[in-house]
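Novice: One structure coming up, written as structure tokens, with questions to follow.
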Amino acid sequence: MTSDKDGPDSTFEKELPDADVVISQPFWPAYLTSERISKASNLKLVITAGIGSDHVDLQAATERGITVAEVTYSNSISVSEHVVMMILSLVRNYIPSHQWVVDGGWNIADCVARSYDLEGMTVGTVAAGRIGTAVLRRLKPFEVKLHYTDRHRLPESVERELELTFHDNVESLVRVCDVVTINAPLHPETENMFNDSLISKMKRGAYLVNTARGKICDRDAVARALETGQLAGYAGDVWFPQPAPQDHPWRTMPNHGMTPHVSGTSLSAQARYAAGVREILECWFDDRSIRDEYLIVSGGRLAGAGAHSYSAGNATSGSEEASRFRSS
């Protein structure tokens with residue numbers, strides 16, 4: 001057990017060659033790049049204590065026959081609640097208004113200059129899996145127009161119940177939405193999806209919320225869009241790499257609502273993913289099957305939830321920048 005996991009001289013790197021099992025949470029991950037996997041000759045099982053295994057080079061794990069598992073469902077609701085909080089915080093201009101109180105002021109005009117009602121807006125989610133669907137359900141009572149895109153279309157009954165409009169591509173979705181929330185896993189197909197080109201197709205003055213993975217958004221494109229006003233606000237709970245270096249532009253860009261990666265690690269969620277990690281370990285050591293919905297890679301291929309949600313490849317490149325967090 002260690003929190004010293006970044007850089008070639010870290011405790012994690014030194015201990016890795018002897019490890020049979022690696023357990024990491026995604027909030028401050030132990031990045032398992034192909035280089036690290038090549039040094040871990042005993043490694044057989046990688047567990048994510050939470051949801052999202054993009055800190056593992058899934059291609060390298062597949063080729064080595066390493067099993068990768070995560071605790072599906074453990075914090076889906078935790079994250080979806082955080083998404084709704086972030087949307088309201090941006091649209092209602094909560095954070096600057098709170099700062100006026102902290103600073104001893106009472107500037108009503110500036111507080112409300114960027115504050116709107118969410119009611120009547122068009123809100124869309126990129127991906128409508130466990131988290132995305134939970135977000136849609138929680139937003140429906142706000143009387144907004146709900147849109148979504150996903151590689152797997154939802155059942156017609158769910159679309160009717162939530163009054164959803166489906167888009168078969170993300171470009172179509174972002175053109176019509178006042179608020180876009182990203183709830184997709186990170187893999188080669190989604191890496192840097194929200195770049196200059198896609199953000200330019202969004203409504204000018206739209207809001208973007210990202211509790212999925214930081215690398216789904218082009219870091220500098222987001223900062224530029226906030227500077228120009230193409231985006232009215234960006235609230236993110238995820239960064240790349242994690243921890244983010246002190247000079248990461250998302251710390252200082254205007255009109256942001258960034259938090260460290262905490263949406264899925266409430267105390268309630270921690271109890272659930274701790275129990276799930278124990279279940280996975282017990283199955284592994286007892287030579288019993290791990291639940292299909294927990295599996296990401298198994299038997300040399302994407303499996304279970306991984307086959308449903310991920311694409312083959314690697315999304316860990318650039319993670320070595322996390323070592324700058326302590327030094328910068």
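Within each chain, counting starts at residue 1; across the structure tokens, chains are named A, B, ... in the order shown, with ligands numbered 1 upward in that order.
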Using only C-alpha atoms, what table do you get, as CSV, when you list each residue of region 25-66 of chain A with an atom no more than 10 Å from region 306-318 of chain A, its nearest pair of atoms, and their distance in Å rounded to one decimal, rows by chain then rising number?
Specialist:
residue,atom,partner,partner_atom,distance
A:Tyr31,CA,A:Thr316,CA,7.2
A:Leu32,CA,A:Thr316,CA,7.8
A:Thr33,CA,A:Thr316,CA,6.2
A:Ser34,CA,A:Asn314,CA,8.7
A:Gly52,CA,A:Gly306,CA,9.5
A:Ser53,CA,A:Gly306,CA,9.0
A:Asp54,CA,A:Ala315,CA,6.2
A:His55,CA,A:Thr316,CA,5.9
A:Val56,CA,A:Thr316,CA,6.8
A:Asp57,CA,A:Asn314,CA,4.9
A:Leu58,CA,A:Asn314,CA,5.8
A:Gln59,CA,A:Gly313,CA,4.8
A:Ala60,CA,A:Asn314,CA,7.8
A:Ala61,CA,A:Asn314,CA,9.7
A:Thr62,CA,A:Ala312,CA,8.9
Novice: Would you output that residue set with N, CA and C atoms, as an mmCIF file, in the first residue's frame?
Specialist:
data_model
loop_
_atom_site.group_PDB
_atom_site.id
_atom_site.type_symbol
_atom_site.label_atom_id
_atom_site.label_comp_id
_atom_site.auth_asym_id
_atom_site.auth_seq_id
_atom_site.Cartn_x
_atom_site.Cartn_y
_atom_site.Cartn_z
ATOM 1 N N TYR A 31 -0.949 4.472 -12.509
ATOM 2 C CA TYR A 31 -0.985 4.230 -13.953
ATOM 3 C C TYR A 31 -0.179 2.976 -14.291
ATOM 4 N N LEU A 32 -0.839 2.043 -14.959
ATOM 5 C CA LEU A 32 -0.181 0.822 -15.405
ATOM 6 C C LEU A 32 0.010 0.906 -16.913
ATOM 7 N N THR A 33 1.101 1.537 -17.307
ATOM 8 C CA THR A 33 1.440 1.675 -18.718
ATOM 9 C C THR A 33 2.017 0.359 -19.229
ATOM 10 N N SER A 34 2.209 0.270 -20.527
ATOM 11 C CA SER A 34 2.792 -0.955 -21.088
ATOM 12 C C SER A 34 4.202 -1.175 -20.551
ATOM 13 N N GLY A 52 -14.001 2.660 -14.036
ATOM 14 C CA GLY A 52 -13.128 3.256 -15.033
ATOM 15 C C GLY A 52 -11.706 2.731 -14.918
ATOM 16 N N SER A 53 -11.283 1.926 -15.884
ATOM 17 C CA SER A 53 -9.971 1.284 -15.833
ATOM 18 C C SER A 53 -9.025 1.814 -16.907
ATOM 19 N N ASP A 54 -9.223 3.051 -17.316
ATOM 20 C CA ASP A 54 -8.383 3.639 -18.359
ATOM 21 C C ASP A 54 -6.978 3.959 -17.879
ATOM 22 N N HIS A 55 -6.730 3.889 -16.562
ATOM 23 C CA HIS A 55 -5.362 4.068 -16.064
ATOM 24 C C HIS A 55 -4.513 2.832 -16.326
ATOM 25 N N VAL A 56 -5.127 1.787 -16.858
ATOM 26 C CA VAL A 56 -4.426 0.567 -17.261
ATOM 27 C C VAL A 56 -4.331 0.547 -18.781
ATOM 28 N N ASP A 57 -3.154 0.216 -19.313
ATOM 29 C CA ASP A 57 -3.026 -0.010 -20.748
ATOM 30 C C ASP A 57 -3.755 -1.317 -21.052
ATOM 31 N N LEU A 58 -4.997 -1.202 -21.493
ATOM 32 C CA LEU A 58 -5.832 -2.389 -21.689
ATOM 33 C C LEU A 58 -5.308 -3.265 -22.822
ATOM 34 N N GLN A 59 -4.662 -2.652 -23.809
ATOM 35 C CA GLN A 59 -4.087 -3.442 -24.891
ATOM 36 C C GLN A 59 -2.957 -4.329 -24.365
ATOM 37 N N ALA A 60 -2.089 -3.731 -23.539
ATOM 38 C CA ALA A 60 -0.984 -4.504 -22.969
ATOM 39 C C ALA A 60 -1.503 -5.590 -22.024
ATOM 40 N N ALA A 61 -2.541 -5.273 -21.243
ATOM 41 C CA ALA A 61 -3.124 -6.260 -20.343
ATOM 42 C C ALA A 61 -3.721 -7.419 -21.139
ATOM 43 N N THR A 62 -4.367 -7.092 -22.251
ATOM 44 C CA THR A 62 -4.954 -8.118 -23.107
ATOM 45 C C THR A 62 -3.873 -9.051 -23.649
#
Novice: As a PDB file with N, CA and C atoms, in the first residue's frame, please: every residue in region 6-120 of chain A that a backbone DSSP assignment puts in helix (DSSP H, G or I).
Specialist:
ATOM      1  N   THR A  11       7.686   4.336  -4.977  1.00  0.00           N
ATOM      2  CA  THR A  11       7.540   3.056  -4.276  1.00  0.00           C
ATOM      3  C   THR A  11       6.769   2.061  -5.130  1.00  0.00           C
ATOM      4  N   PHE A  12       5.732   2.515  -5.810  1.00  0.00           N
ATOM      5  CA  PHE A  12       4.933   1.629  -6.662  1.00  0.00           C
ATOM      6  C   PHE A  12       5.802   0.974  -7.731  1.00  0.00           C
ATOM      7  N   GLU A  13       6.631   1.776  -8.388  1.00  0.00           N
ATOM      8  CA  GLU A  13       7.487   1.239  -9.450  1.00  0.00           C
ATOM      9  C   GLU A  13       8.470   0.206  -8.897  1.00  0.00           C
ATOM     10  N   LYS A  14       8.993   0.461  -7.704  1.00  0.00           N
ATOM     11  CA  LYS A  14       9.966  -0.455  -7.114  1.00  0.00           C
ATOM     12  C   LYS A  14       9.329  -1.768  -6.674  1.00  0.00           C
ATOM     13  N   GLU A  15       8.081  -1.723  -6.202  1.00  0.00           N
ATOM     14  CA  GLU A  15       7.421  -2.919  -5.702  1.00  0.00           C
ATOM     15  C   GLU A  15       6.712  -3.726  -6.795  1.00  0.00           C
ATOM     16  N   LEU A  16       6.459  -3.079  -7.922  1.00  0.00           N
ATOM     17  CA  LEU A  16       5.647  -3.695  -8.974  1.00  0.00           C
ATOM     18  C   LEU A  16       6.179  -5.043  -9.480  1.00  0.00           C
ATOM     19  N   PRO A  17       7.488  -5.227  -9.647  1.00  0.00           N
ATOM     20  CA  PRO A  17       7.954  -6.522 -10.184  1.00  0.00           C
ATOM     21  C   PRO A  17       7.530  -7.730  -9.360  1.00  0.00           C
ATOM     22  N   ASP A  18       7.247  -7.572  -8.079  1.00  0.00           N
ATOM     23  CA  ASP A  18       6.845  -8.699  -7.233  1.00  0.00           C
ATOM     24  C   ASP A  18       5.339  -8.855  -7.117  1.00  0.00           C
ATOM     25  N   SER A  34       2.209   0.270 -20.527  1.00  0.00           N
ATOM     26  CA  SER A  34       2.792  -0.955 -21.088  1.00  0.00           C
ATOM     27  C   SER A  34       4.202  -1.175 -20.551  1.00  0.00           C
ATOM     28  N   GLU A  35       4.943  -0.069 -20.322  1.00  0.00           N
ATOM     29  CA  GLU A  35       6.290  -0.199 -19.777  1.00  0.00           C
ATOM     30  C   GLU A  35       6.257  -0.806 -18.383  1.00  0.00           C
ATOM     31  N   ARG A  36       5.330  -0.353 -17.563  1.00  0.00           N
ATOM     32  CA  ARG A  36       5.222  -0.897 -16.215  1.00  0.00           C
ATOM     33  C   ARG A  36       4.730  -2.341 -16.243  1.00  0.00           C
ATOM     34  N   ILE A  37       3.786  -2.636 -17.112  1.00  0.00           N
ATOM     35  CA  ILE A  37       3.288  -4.005 -17.209  1.00  0.00           C
ATOM     36  C   ILE A  37       4.403  -4.955 -17.631  1.00  0.00           C
ATOM     37  N   SER A  38       5.292  -4.482 -18.506  1.00  0.00           N
ATOM     38  CA  SER A  38       6.394  -5.341 -18.957  1.00  0.00           C
ATOM     39  C   SER A  38       7.346  -5.679 -17.819  1.00  0.00           C
ATOM     40  N   LYS A  39       7.401  -4.827 -16.785  1.00  0.00           N
ATOM     41  CA  LYS A  39       8.271  -5.067 -15.631  1.00  0.00           C
ATOM     42  C   LYS A  39       7.593  -5.951 -14.578  1.00  0.00           C
ATOM     43  N   LEU A  58      -4.997  -1.202 -21.493  1.00  0.00           N
ATOM     44  CA  LEU A  58      -5.832  -2.389 -21.689  1.00  0.00           C
ATOM     45  C   LEU A  58      -5.308  -3.265 -22.822  1.00  0.00           C
ATOM     46  N   GLN A  59      -4.662  -2.652 -23.809  1.00  0.00           N
ATOM     47  CA  GLN A  59      -4.087  -3.442 -24.891  1.00  0.00           C
ATOM     48  C   GLN A  59      -2.957  -4.329 -24.365  1.00  0.00           C
ATOM     49  N   ALA A  60      -2.089  -3.731 -23.539  1.00  0.00           N
ATOM     50  CA  ALA A  60      -0.984  -4.504 -22.969  1.00  0.00           C
ATOM     51  C   ALA A  60      -1.503  -5.590 -22.024  1.00  0.00           C
ATOM     52  N   ALA A  61      -2.541  -5.273 -21.243  1.00  0.00           N
ATOM     53  CA  ALA A  61      -3.124  -6.260 -20.343  1.00  0.00           C
ATOM     54  C   ALA A  61      -3.721  -7.419 -21.139  1.00  0.00           C
ATOM     55  N   THR A  62      -4.367  -7.092 -22.251  1.00  0.00           N
ATOM     56  CA  THR A  62      -4.954  -8.118 -23.107  1.00  0.00           C
ATOM     57  C   THR A  62      -3.873  -9.051 -23.649  1.00  0.00           C
ATOM     58  N   GLU A  63      -2.808  -8.452 -24.147  1.00  0.00           N
ATOM     59  CA  GLU A  63      -1.733  -9.243 -24.749  1.00  0.00           C
ATOM     60  C   GLU A  63      -1.011 -10.114 -23.719  1.00  0.00           C
ATOM     61  N   ARG A  64      -0.951  -9.651 -22.477  1.00  0.00           N
ATOM     62  CA  ARG A  64      -0.284 -10.411 -21.420  1.00  0.00           C
ATOM     63  C   ARG A  64      -1.210 -11.410 -20.720  1.00  0.00           C
ATOM     64  N   SER A  76     -22.115   4.865  -9.387  1.00  0.00           N
ATOM     65  CA  SER A  76     -22.852   5.500 -10.492  1.00  0.00           C
ATOM     66  C   SER A  76     -23.770   6.610  -9.998  1.00  0.00           C
ATOM     67  N   ILE A  77     -24.510   6.351  -8.917  1.00  0.00           N
ATOM     68  CA  ILE A  77     -25.433   7.351  -8.398  1.00  0.00           C
ATOM     69  C   ILE A  77     -24.660   8.512  -7.774  1.00  0.00           C
ATOM     70  N   SER A  78     -23.567   8.200  -7.098  1.00  0.00           N
ATOM     71  CA  SER A  78     -22.737   9.259  -6.519  1.00  0.00           C
ATOM     72  C   SER A  78     -22.307  10.254  -7.590  1.00  0.00           C
ATOM     73  N   VAL A  79     -21.841   9.734  -8.723  1.00  0.00           N
ATOM     74  CA  VAL A  79     -21.376  10.603  -9.810  1.00  0.00           C
ATOM     75  C   VAL A  79     -22.543  11.361 -10.424  1.00  0.00           C
ATOM     76  N   SER A  80     -23.678  10.691 -10.628  1.00  0.00           N
ATOM     77  CA  SER A  80     -24.813  11.363 -11.267  1.00  0.00           C
ATOM     78  C   SER A  80     -25.320  12.519 -10.412  1.00  0.00           C
ATOM     79  N   GLU A  81     -25.296  12.365  -9.088  1.00  0.00           N
ATOM     80  CA  GLU A  81     -25.683  13.474  -8.213  1.00  0.00           C
ATOM     81  C   GLU A  81     -24.708  14.639  -8.365  1.00  0.00           C
ATOM     82  N   HIS A  82     -23.433  14.325  -8.483  1.00  0.00           N
ATOM     83  CA  HIS A  82     -22.411  15.366  -8.649  1.00  0.00           C
ATOM     84  C   HIS A  82     -22.620  16.123  -9.965  1.00  0.00           C
ATOM     85  N   VAL A  83     -23.013  15.393 -11.007  1.00  0.00           N
ATOM     86  CA  VAL A  83     -23.275  16.039 -12.310  1.00  0.00           C
ATOM     87  C   VAL A  83     -24.368  17.084 -12.167  1.00  0.00           C
ATOM     88  N   VAL A  84     -25.476  16.715 -11.526  1.00  0.00           N
ATOM     89  CA  VAL A  84     -26.584  17.658 -11.367  1.00  0.00           C
ATOM     90  C   VAL A  84     -26.142  18.866 -10.554  1.00  0.00           C
ATOM     91  N   MET A  85     -25.371  18.628  -9.491  1.00  0.00           N
ATOM     92  CA  MET A  85     -24.844  19.730  -8.685  1.00  0.00           C
ATOM     93  C   MET A  85     -23.997  20.674  -9.530  1.00  0.00           C
ATOM     94  N   MET A  86     -23.141  20.113 -10.378  1.00  0.00           N
ATOM     95  CA  MET A  86     -22.268  20.949 -11.205  1.00  0.00           C
ATOM     96  C   MET A  86     -23.047  21.749 -12.237  1.00  0.00           C
ATOM     97  N   ILE A  87     -24.050  21.119 -12.852  1.00  0.00           N
ATOM     98  CA  ILE A  87     -24.876  21.838 -13.831  1.00  0.00           C
ATOM     99  C   ILE A  87     -25.540  23.046 -13.165  1.00  0.00           C
ATOM    100  N   LEU A  88     -26.154  22.826 -12.026  1.00  0.00           N
ATOM    101  CA  LEU A  88     -26.818  23.925 -11.322  1.00  0.00           C
ATOM    102  C   LEU A  88     -25.812  24.986 -10.873  1.00  0.00           C
ATOM    103  N   SER A  89     -24.646  24.559 -10.427  1.00  0.00           N
ATOM    104  CA  SER A  89     -23.625  25.512  -9.981  1.00  0.00           C
ATOM    105  C   SER A  89     -23.202  26.436 -11.115  1.00  0.00           C
ATOM    106  N   LEU A  90     -23.053  25.876 -12.326  1.00  0.00           N
ATOM    107  CA  LEU A  90     -22.667  26.709 -13.469  1.00  0.00           C
ATOM    108  C   LEU A  90     -23.802  27.622 -13.900  1.00  0.00           C
ATOM    109  N   VAL A  91     -24.968  27.030 -14.137  1.00  0.00           N
ATOM    110  CA  VAL A  91     -26.083  27.795 -14.708  1.00  0.00           C
ATOM    111  C   VAL A  91     -26.541  28.891 -13.758  1.00  0.00           C
ATOM    112  N   TYR A  94     -23.304  29.826  -9.055  1.00  0.00           N
ATOM    113  CA  TYR A  94     -23.202  29.644  -7.610  1.00  0.00           C
ATOM    114  C   TYR A  94     -21.811  29.968  -7.063  1.00  0.00           C
ATOM    115  N   ILE A  95     -20.768  29.479  -7.704  1.00  0.00           N
ATOM    116  CA  ILE A  95     -19.424  29.592  -7.114  1.00  0.00           C
ATOM    117  C   ILE A  95     -18.984  31.049  -6.951  1.00  0.00           C
ATOM    118  N   PRO A  96     -19.099  31.914  -7.976  1.00  0.00           N
ATOM    119  CA  PRO A  96     -18.740  33.327  -7.770  1.00  0.00           C
ATOM    120  C   PRO A  96     -19.622  34.007  -6.719  1.00  0.00           C
ATOM    121  N   SER A  97     -20.898  33.609  -6.658  1.00  0.00           N
ATOM    122  CA  SER A  97     -21.792  34.215  -5.662  1.00  0.00           C
ATOM    123  C   SER A  97     -21.356  33.837  -4.250  1.00  0.00           C
ATOM    124  N   HIS A  98     -20.980  32.590  -4.071  1.00  0.00           N
ATOM    125  CA  HIS A  98     -20.480  32.142  -2.768  1.00  0.00           C
ATOM    126  C   HIS A  98     -19.192  32.896  -2.400  1.00  0.00           C
ATOM    127  N   GLN A  99     -18.355  33.141  -3.402  1.00  0.00           N
ATOM    128  CA  GLN A  99     -17.083  33.826  -3.135  1.00  0.00           C
ATOM    129  C   GLN A  99     -17.316  35.251  -2.631  1.00  0.00           C
ATOM    130  N   TRP A 100     -18.365  35.916  -3.145  1.00  0.00           N
ATOM    131  CA  TRP A 100     -18.684  37.258  -2.637  1.00  0.00           C
ATOM    132  C   TRP A 100     -18.965  37.221  -1.127  1.00  0.00           C
ATOM    133  N   VAL A 101     -19.649  36.185  -0.678  1.00  0.00           N
ATOM    134  CA  VAL A 101     -19.926  36.048   0.753  1.00  0.00           C
ATOM    135  C   VAL A 101     -18.630  35.827   1.528  1.00  0.00           C
ATOM    136  N   VAL A 102     -17.796  34.929   1.033  1.00  0.00           N
ATOM    137  CA  VAL A 102     -16.518  34.642   1.702  1.00  0.00           C
ATOM    138  C   VAL A 102     -15.662  35.895   1.806  1.00  0.00           C
ATOM    139  N   ILE A 108     -24.950  42.002  -5.589  1.00  0.00           N
ATOM    140  CA  ILE A 108     -26.038  41.256  -6.210  1.00  0.00           C
ATOM    141  C   ILE A 108     -25.944  41.301  -7.735  1.00  0.00           C
ATOM    142  N   ALA A 109     -25.620  42.449  -8.289  1.00  0.00           N
ATOM    143  CA  ALA A 109     -25.602  42.607  -9.750  1.00  0.00           C
ATOM    144  C   ALA A 109     -24.611  41.652 -10.396  1.00  0.00           C
ATOM    145  N   ASP A 110     -23.390  41.574  -9.844  1.00  0.00           N
ATOM    146  CA  ASP A 110     -22.393  40.686 -10.423  1.00  0.00           C
ATOM    147  C   ASP A 110     -22.755  39.218 -10.202  1.00  0.00           C
ATOM    148  N   CYS A 111     -23.379  38.938  -9.079  1.00  0.00           N
ATOM    149  CA  CYS A 111     -23.784  37.552  -8.807  1.00  0.00           C
ATOM    150  C   CYS A 111     -24.776  37.045  -9.848  1.00  0.00           C
ATOM    151  N   VAL A 112     -25.733  37.881 -10.239  1.00  0.00           N
ATOM    152  CA  VAL A 112     -26.794  37.411 -11.131  1.00  0.00           C
ATOM    153  C   VAL A 112     -26.519  37.722 -12.596  1.00  0.00           C
TER     154      VAL A 112
END
Novice: Could you pull out the strand (DSSP E or B) residues of region 64-242 of chain A, going by DSSP on the backbone, and write them as number ranges by chain?
Specialist: A: 67-70, 122-126, 145-149, 164-167, 179-182, 194, 206-210, 217, 231-236
Novice: Would you output that residue set with C-alpha atoms, as a PDB file, in the first residue's frame?
Specialist:
ATOM      1  CA  THR A  67      -7.422  -9.906 -15.855  1.00  0.00           C
ATOM      2  CA  VAL A  68      -8.732  -6.355 -15.309  1.00  0.00           C
ATOM      3  CA  ALA A  69     -11.839  -5.835 -13.177  1.00  0.00           C
ATOM      4  CA  GLU A  70     -13.711  -2.891 -11.681  1.00  0.00           C
ATOM      5  CA  THR A 122     -31.882  21.687 -23.576  1.00  0.00           C
ATOM      6  CA  VAL A 123     -29.544  19.275 -21.801  1.00  0.00           C
ATOM      7  CA  GLY A 124     -27.750  16.396 -23.494  1.00  0.00           C
ATOM      8  CA  THR A 125     -25.581  13.546 -22.287  1.00  0.00           C
ATOM      9  CA  VAL A 126     -22.761  11.991 -24.249  1.00  0.00           C
ATOM     10  CA  LYS A 145     -35.537  19.075 -22.829  1.00  0.00           C
ATOM     11  CA  LEU A 146     -33.428  15.908 -22.621  1.00  0.00           C
ATOM     12  CA  HIS A 147     -31.212  14.587 -25.417  1.00  0.00           C
ATOM     13  CA  TYR A 148     -28.635  11.786 -25.565  1.00  0.00           C
ATOM     14  CA  THR A 149     -26.207   9.949 -27.808  1.00  0.00           C
ATOM     15  CA  LEU A 164     -35.648  11.688 -24.699  1.00  0.00           C
ATOM     16  CA  THR A 165     -34.405  12.724 -28.118  1.00  0.00           C
ATOM     17  CA  PHE A 166     -31.751  10.350 -29.513  1.00  0.00           C
ATOM     18  CA  HIS A 167     -28.837  11.479 -31.691  1.00  0.00           C
ATOM     19  CA  VAL A 179     -25.760  22.071 -21.439  1.00  0.00           C
ATOM     20  CA  VAL A 180     -23.707  19.012 -22.391  1.00  0.00           C
ATOM     21  CA  THR A 181     -22.647  16.428 -19.817  1.00  0.00           C
ATOM     22  CA  ILE A 182     -20.039  13.781 -20.626  1.00  0.00           C
ATOM     23  CA  PHE A 194     -14.087  17.495 -27.262  1.00  0.00           C
ATOM     24  CA  ALA A 206     -23.172  26.582 -23.784  1.00  0.00           C
ATOM     25  CA  TYR A 207     -22.004  24.807 -20.635  1.00  0.00           C
ATOM     26  CA  LEU A 208     -19.900  21.657 -20.569  1.00  0.00           C
ATOM     27  CA  VAL A 209     -19.767  19.269 -17.595  1.00  0.00           C
ATOM     28  CA  ASN A 210     -17.296  16.390 -17.449  1.00  0.00           C
ATOM     29  CA  CYS A 217     -11.582  16.821 -23.526  1.00  0.00           C
ATOM     30  CA  LEU A 231     -18.196  28.059 -23.577  1.00  0.00           C
ATOM     31  CA  ALA A 232     -19.988  29.955 -20.807  1.00  0.00           C
ATOM     32  CA  GLY A 233     -18.675  27.531 -18.209  1.00  0.00           C
ATOM     33  CA  TYR A 234     -16.877  24.244 -17.691  1.00  0.00           C
ATOM     34  CA  ALA A 235     -17.278  22.089 -14.602  1.00  0.00           C
ATOM     35  CA  GLY A 236     -15.041  19.081 -14.397  1.00  0.00           C
TER      36      GLY A 236
END
Novice: For Lys44 (chain A), which residue among A:Ala184, A:Ala127, A:Val176, A:Val22 is the nearest when counting only C-alpha atoms?
Specialist: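 Among the listed residues, the smallest separation from Lys44 (chain A) belongs to A:Val22.
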Novice: One decimal, in Å: what's the spacing between CA of Thr2 (chain A) and CA of Gln270 (chain A)?
Specialist: 17.8 Å
Novice: Between A:Tyr294, A:Glu161, A:Met1, A:Leu186, which has the minimum distance to Tyr273 (chain A) (counting only C-alpha atoms)?
Specialist: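 Under the stated criterion, the closest residue is A:Tyr294.
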Novice: Counting only C-alpha atoms, figure out which residue out of A:Val174, A:Leu162, A:Ala113, A:Ile66 gets nearest to Arg137 (chain A).
Specialist: A:Leu162
Novice: With a distance cut-off of 10 Å and only C-alpha atoms, select the neighbouring residues of Arg224 (chain A), excluding the residue or stretch itself and same-chain residues fewer than 6 positions from it, and output the selection as number ranges by chain.
Specialist: A: 196, 230-231, 249, 253-254
Novice: Quick one: residues within 8 Å of Gly214 (chain A), only C-alpha atoms counted, chain neighbours fewer than 2 positions away excluded, as a PyMOL selection string?
Specialist: chain A and resi 210-212+216-217+219+236-241
Novice: Please provide as a list in words all residues within 8 Å of Asp20 (chain A), with the sequence filter that same-chain residues fewer than 3 positions apart are discarded (counting only C-alpha atoms).
Specialist: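 That gives Asn42, Leu43, Lys44 and Leu45 of chain A.
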Novice: Mind dumping the selected residues with C-alpha atoms as a PDB file, in the first residue's frame?
Specialist:
ATOM      1  CA  ASN A  42       4.046 -11.848 -11.803  1.00  0.00           C
ATOM      2  CA  LEU A  43       1.032  -9.601 -12.435  1.00  0.00           C
ATOM      3  CA  LYS A  44      -2.190 -11.536 -12.980  1.00  0.00           C
ATOM      4  CA  LEU A  45      -5.026  -9.310 -11.723  1.00  0.00           C
TER       5      LEU A  45
END
